[in-house]
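Visitor: Sharing a structure with you now.
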2 protein chains.
Amino acid sequence: MKTKDPAKDTSYKSKKVISIGIVRELTGLSERQIRYYEERKLVFPERSKGGTRKYSFDDIESLMDIANKIEDGVQTYEIRQEMKKEKQQDYRSIRNKMLRGQLNARFGVQKGI
Amino acid sequence: MKTKDPAKDTSYKSKKVISIGIVRELTGLSERQIRYYEERKLVFPERSKGGTRKYSFDDIESLMDIANKIEDGVQTYEIRQEMKKEKQQDYRSIRNKMLRGQLNARFGVQKGI
DNA sequence: CGTGTAAGGAATTCTGACACG
DNA sequence: CGTGTAAGGAATTCTGACACG
């Protein structure tokens, strides 16, 4: 059994528990940059009650990818578009899986279709 | 290939990146308790340059175990003793593995011995 | 557009101590 | 022994703005 939905997971990688200072150390980015990428909707940290940002390890990986792209001259807007496309991909993939599940439920299991 | 040495690992579980406030939320313990268990040498957070404590997910799991034992009336000193024994176990286990490795290197691979 | 920085304030964390039991 | 708490200070983080390009 695989637990691989690219959504919520009890896993450590996706838990938002890391403060911005640590993210700065781990990514090498400045806090200014990290906050700016949030402003441009490229990362989505959670917030503590007091308002401090909390990131996950996934966020950190994501930030490093973003930083690389920006170094390559890609603009935040374009990166955002790429992300949207990936999300659509994910949805299609999930939709297909569910559909296949439905079919299996009604017509029984068939290997490879 | 398994990367399972109970020591340092590039894994997320063992990275010390979580501040005490988050640990409090995740474990349900008070900061007082968390710091006290450190004083009793049951957990070993790292420190930022400024001196703030940084915990790993492993630490959090460990803290929950500790909390359970204390609820059961086990004293911190006893818990510490248990931990020492476990560590000895680990060392023995590693020593054996290395020894086996040595033997294989010299006398070739034999299944099951 | 992406990033640095100084500014002022608020949230978070730290230590050592007193208290209770 | 294990934990709560008030105290004072230090480290961390936040936002909005000005600057450069």
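By convention in this document, the chains of the structure tokens carry letters A, B, ... by their order, each chain's residues are numbered from 1, and ligands are numbered from 1 in the order they are shown.
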May I have the residues of chain B within 10 Å of chain C, counting only C-alpha atoms (C1' of nucleotides), written as a list in words?
Guide: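 In the required form, that comes to Ser19, Ile20, Gly21, Glu31, Gly50, Gly51, Thr52 and Arg53 of chain B.
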Visitor: Each residue of chain A with at least one atom at most 10 Å from chain B should appear once, together with its nearest atom pair and the corresponding distance in Å (one decimal); atoms considered: only C-alpha atoms; ordering: chain, then increasing residue number; output as a Markdown table.
Guide:
| residue | atom | partner | partner_atom | distance |
| --- | --- | --- | --- | --- |
| A:Ser11 | CA | B:Lys13 | CA | 9.7 |
| A:Tyr12 | CA | B:Lys13 | CA | 6.9 |
| A:Lys13 | CA | B:Tyr12 | CA | 6.9 |
| A:Lys16 | CA | B:Ile22 | CA | 9.5 |
| A:Val17 | CA | B:Ile18 | CA | 6.1 |
| A:Ile18 | CA | B:Ile18 | CA | 5.6 |
| A:Ser19 | CA | B:Ile18 | CA | 7.5 |
| A:Gly21 | CA | B:Ser48 | CA | 9.5 |
| A:Ile22 | CA | B:Val17 | CA | 6.4 |
| A:Val23 | CA | B:Val17 | CA | 8.7 |
| A:Leu26 | CA | B:Val17 | CA | 9.4 |
| A:Ser48 | CA | B:Ile22 | CA | 9.0 |
| A:Lys54 | CA | B:Ile22 | CA | 9.3 |
| A:Phe57 | CA | B:Tyr12 | CA | 7.4 |
Visitor: At what distance in Å, to one decimal, does CA of Lys49 (chain A) lie from CA of Gly28 (chain B)?
Guide: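 CA of Lys49 (chain A) lies at a distance of 16.0 Å from CA of Gly28 (chain B).
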Visitor: For the structure I just gave you, how does DSSP split chain A - specifically, which residues are helix (DSSP H, G or I)? Reply as number ranges by chain.
Guide: A: 20-27, 31-39, 57-71, 76-107
Visitor: For a test of reading the model, state the distance in Å between CA of Leu63 (chain B) and CA of Met83 (chain B), rounded to one decimal.
Guide: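 These atoms are spaced 12.5 Å apart.
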Visitor: May I ask which of the residues A:Glu78, A:Arg106, A:Arg92, A:Arg24 is the closest one to Met64 (chain A), counting only C-alpha atoms?
Guide: A:Arg24
Visitor: In Å, rounded to a single decimal, give me how far CA of Ile79 (chain A) is from CA of Arg35 (chain A).
Guide: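 Atom-to-atom, CA of Arg35 (chain A) and CA of Ile79 (chain A) are spaced 15.7 Å apart.
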